[in-house]
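**Student:** Enclosed is the structure file protein21.cif (mmCIF, C-alpha atoms).
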data_final
#
loop_
_atom_site.label_atom_id
_atom_site.label_comp_id
_atom_site.auth_asym_id
_atom_site.auth_seq_id
_atom_site.Cartn_x
_atom_site.Cartn_y
_atom_site.Cartn_z
CA SER A 270 16.47 -90.62 43.31
CA VAL A 271 17.14 -91.26 47.02
CA ALA A 272 14.19 -92.59 48.99
CA THR A 273 15.53 -92.05 52.52
CA ALA A 274 15.77 -89.21 54.99
CA THR A 275 19.35 -88.25 54.16
CA THR A 276 21.22 -85.15 53.08
CA THR A 277 23.68 -86.98 50.83
CA ALA A 278 23.53 -89.17 47.76
CA THR A 279 26.31 -91.28 46.30
CA LEU A 280 26.50 -92.01 42.62
CA ASN A 281 28.66 -94.80 41.21
CA ALA A 282 31.36 -93.07 39.16
CA ALA A 283 31.11 -95.82 36.56
CA ALA A 284 27.64 -94.49 35.72
CA LEU A 285 29.19 -91.24 34.44
CA THR A 286 31.36 -90.52 31.43
CA ALA A 287 34.52 -88.49 32.05
CA GLY A 288 34.41 -85.15 30.26
CA ALA A 289 30.64 -85.30 29.62
CA ALA A 290 28.47 -82.43 30.87
CA TYR A 291 25.79 -83.24 33.46
CA THR A 292 23.44 -81.16 35.59
CA TRP A 293 21.88 -81.98 38.92
CA ALA A 294 19.13 -80.51 41.08
CA VAL A 295 17.50 -81.42 44.39
CA ALA A 296 13.88 -81.64 45.56
CA THR A 297 12.59 -82.95 48.87
CA GLN A 298 9.35 -84.61 49.88
CA ASP A 299 7.43 -84.58 53.13
CA ALA A 300 3.85 -85.35 54.14
CA ASN A 301 2.66 -82.31 52.16
CA GLY A 302 4.27 -83.34 48.88
CA TRP A 303 7.33 -82.39 46.84
CA SER A 304 9.24 -79.14 47.08
CA ALA A 305 10.31 -77.16 44.06
CA TYR A 306 13.63 -78.25 42.55
CA SER A 307 16.74 -76.31 43.45
CA ALA A 308 18.63 -74.41 40.80
CA GLU A 309 20.54 -76.75 38.49
CA ARG A 310 24.27 -77.14 39.02
CA ALA A 311 26.79 -78.24 36.42
CA LEU A 312 28.87 -81.36 36.88
CA SER A 313 31.71 -82.47 34.64
CA PRO A 314 33.35 -85.68 35.88
CA ILE A 315 37.05 -86.13 35.38
CA ALA A 316 38.91 -89.41 34.94
CA PRO A 317 41.41 -90.08 37.73
CA PRO A 318 45.08 -90.73 36.97
CA THR A 319 46.37 -94.27 36.60
CA VAL A 320 49.33 -95.67 38.49
CA SER A 321 50.94 -98.90 37.37
CA SER A 322 54.03 -101.04 37.72
CA VAL A 323 55.02 -100.11 41.28
CA THR A 324 58.31 -101.96 41.78
CA VAL A 325 61.05 -101.92 44.38
CA SER A 326 64.74 -102.56 43.84
CA SER A 327 67.83 -102.16 45.96
CA PRO A 328 71.46 -102.49 44.98
CA ALA A 329 73.29 -105.36 46.71
CA GLY A 330 74.59 -104.27 50.08
CA ASP A 331 72.47 -101.10 50.04
CA LEU A 332 69.46 -100.65 52.31
CA SER A 333 68.10 -97.74 50.26
CA PRO A 334 65.15 -99.18 48.32
CA THR A 335 64.32 -97.46 45.03
CA ILE A 336 60.61 -97.28 44.20
CA THR A 337 59.71 -96.99 40.52
CA TRP A 338 56.26 -96.57 38.96
CA ALA A 339 54.45 -95.35 35.88
CA ALA A 340 51.64 -92.76 36.01
CA THR A 341 49.32 -91.28 33.41
CA ALA A 342 46.93 -88.37 33.87
CA GLY A 343 43.24 -89.08 33.40
CA SER A 344 41.46 -85.78 32.70
CA GLY A 345 44.04 -83.29 33.79
CA VAL A 346 47.72 -82.83 34.46
CA LEU A 347 49.78 -84.81 36.98
CA THR A 348 50.69 -82.46 39.82
CA ALA A 349 52.15 -84.36 42.79
CA HIS A 350 53.02 -87.73 44.26
CA GLN A 351 53.83 -89.43 47.55
CA VAL A 352 55.57 -92.72 48.32
CA TRP A 353 55.27 -94.81 51.48
CA ILE A 354 56.99 -97.99 52.68
CA CYS A 355 54.87 -99.98 55.12
CA ALA A 356 54.55 -103.45 56.57
CA ALA A 357 53.20 -105.81 53.89
CA ALA A 358 50.05 -106.46 55.95
CA ASP A 359 49.09 -102.75 56.10
CA THR A 360 46.04 -101.83 54.04
CA ASP A 361 46.34 -98.04 54.42
CA PRO A 362 49.77 -96.50 53.87
CA THR A 363 48.89 -93.34 55.79
CA VAL A 364 48.32 -95.10 59.14
CA SER A 365 51.78 -96.29 60.23
CA PRO A 366 54.38 -95.98 57.49
CA LEU A 367 58.00 -96.88 58.17
CA TRP A 368 59.03 -94.17 55.67
CA THR A 369 57.30 -91.58 53.50
CA SER A 370 58.61 -89.18 50.90
CA GLY A 371 56.04 -86.58 51.88
CA VAL A 372 53.98 -84.97 49.13
CA LEU A 373 56.31 -83.94 46.31
CA PRO A 374 55.22 -81.35 43.71
CA ASN A 375 55.75 -83.57 40.67
CA ALA A 376 54.97 -87.06 39.41
CA VAL A 377 58.50 -88.11 38.57
CA SER A 378 59.61 -91.68 39.20
CA PRO A 379 61.71 -93.08 40.91
CA ASP A 380 62.12 -92.21 44.59
CA THR A 381 64.81 -93.68 46.84
CA ALA A 382 64.19 -94.23 50.54
CA PRO A 383 67.18 -93.52 52.76
CA SER A 384 69.04 -96.30 54.50
CA SER A 385 67.23 -96.48 57.82
CA THR A 386 67.20 -98.26 61.14
CA ALA A 387 63.46 -98.78 60.55
CA TRP A 388 64.27 -101.70 58.26
CA THR A 389 64.24 -105.03 60.06
CA ASN A 390 66.17 -107.92 58.57
CA GLY A 391 63.65 -110.38 57.10
CA ALA A 392 60.73 -107.90 57.24
CA SER A 393 58.04 -108.19 54.58
CA LEU A 394 57.16 -104.72 53.25
CA LYS A 395 55.19 -102.98 50.50
CA ALA A 396 55.75 -99.69 48.73
CA TRP A 397 52.73 -97.49 48.00
CA VAL A 398 52.54 -94.67 45.46
CA ARG A 399 49.81 -92.01 45.31
CA VAL A 400 49.68 -89.69 42.29
CA TRP A 401 47.53 -86.52 42.15
CA GLN A 402 46.32 -84.60 39.14
CA THR A 403 44.63 -81.22 38.75
CA GLY A 404 41.43 -80.97 40.74
CA GLY A 405 42.90 -82.94 43.67
CA VAL A 406 41.92 -86.28 42.14
CA TYR A 407 44.31 -89.10 42.97
CA ARG A 408 44.95 -92.81 42.57
CA THR A 409 46.98 -95.07 44.90
CA LEU A 410 48.65 -98.40 44.14
CA SER A 411 50.94 -100.70 46.11
CA SER A 412 53.78 -102.94 45.03
CA THR A 413 53.85 -106.64 45.68
CA ALA A 414 55.47 -107.57 48.98
CA PHE A 415 59.25 -107.51 49.16
CA THR A 416 61.61 -108.69 51.87
CA VAL A 417 64.34 -106.65 53.44
CA SER A 418 67.29 -108.98 53.77
CA TRP A 419 70.96 -108.62 54.44
CA THR A 420 73.77 -110.73 55.79
CA PRO A 421 75.12 -109.33 59.04
CA PRO A 422 78.89 -109.19 59.42
CA ALA A 423 80.65 -112.16 61.04
CA THR A 424 80.98 -112.03 64.82
CA LEU A 425 84.28 -110.50 65.80
CA THR A 426 86.65 -112.84 67.64
CA VAL A 427 89.18 -111.29 69.96
CA THR A 428 92.23 -113.11 71.33
CA ALA A 429 94.82 -111.67 73.66
CA SER A 430 98.42 -112.68 74.03
CA ALA A 431 100.29 -111.86 77.20
CA ALA A 432 103.46 -113.40 75.77
CA SER A 433 104.42 -110.18 74.06
CA SER A 434 105.30 -107.00 75.79
CA PRO A 435 103.16 -104.98 75.69
CA PRO A 436 100.29 -107.49 75.36
CA THR A 437 98.57 -107.50 71.94
CA VAL A 438 94.89 -107.86 71.31
#
Could the structure of this file be written out as structure tokens, please?
**Tutor:**
Amino acid sequence: SVATATTTATLNAAALTAGAAYTWAVATQDANGWSAYSAERALSPIAPPTVSSVTVSSPAGDLSPTITWAATAGSGVLTAHQVWICAAADTDPTVSPLWTSGVLPNAVSPDTAPSSTAWTNGASLKAWVRVWQTGGVYRTLSSTAFTVSWTPPATLTVTASAASSPPTV
């Protein structure tokens, strides 16, 4: 029951049981009383997928992070996934990702991001994984923060000698 002048109502999903059959109908009230109820509609909630263990690894000397995760369907079949790498402070991976896999038509782990100039030495990043199942229902989870780090090559030292002919560098 919603006691305000609104055209929407939100129900806490925890109040419903996945797979159980429910019906809903709507009636409105004004100064003249209650309207008749609308026709009943069926509702069968589905459990969303779970995503766990989002981890990032990168072979030594390789700036191609590999993102691994585990996913399980809730009430359906896993259908797609997407991976993002963002700044660790980002709270929404879709706003300004440094890299994204795009939506891929499977839920197979792992994904490897290409070596990229977007990585900044010492940057703190997070990987995010979103997994979809039938019905368009999805779940998103991020990794813990990780740091991109590499040792740059030593500065090149050049000496010239005019004593030889021709001069050597």
**Student:** Once the PyMOL selection byres ((chain A and resi 412) around 10) has been applied to the shown file, what residues remain in the selection, as a list in words?
**Tutor:** Ser321, Ser322, Val323, Thr324, Val325, Ile336, Thr337, Trp338, Ile354, Ala357, Leu394, Lys395, Ala396, Trp397, Val398, Leu410, Ser411, Thr413, Ala414 and Phe415 of chain A
**Student:** Report the residues retrieved by the PyMOL selection byres ((chain A and resi 345-350) around 6) from the displayed file, expressed as a list of chain:residue names.
**Tutor:** A:Ala342, A:Gly343, A:Ser344, A:Gln351, A:Val372, A:Leu373, A:Pro374, A:Asn375, A:Ala376, A:Arg399, A:Val400, A:Trp401, A:Gln402, A:Thr403
**Student:** For atom CA of Gly288 of chain A and atom CA of Ala308 of chain A, quote the distance in Å rounded to one decimal.
**Tutor:**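 Value for the atom CA of Gly288 of chain A-atom CA of Ala308 of chain A distance: 21.8 Å.
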**Student:** Which is closest to Thr389 of chain A among A:Pro421, A:Gly302, A:Pro318, A:Pro362, if we use all atoms listed in the file?
**Tutor:** A:Pro421
**Student:** Might you pull out every residue within 12 Å of Ser384 of chain A, with all atoms listed in the file counted and same-chain residues fewer than 4 positions away left off, and present them as a ChimeraX atom specification?
**Tutor:** /A:327-328,330-335,367-368,388-389,417
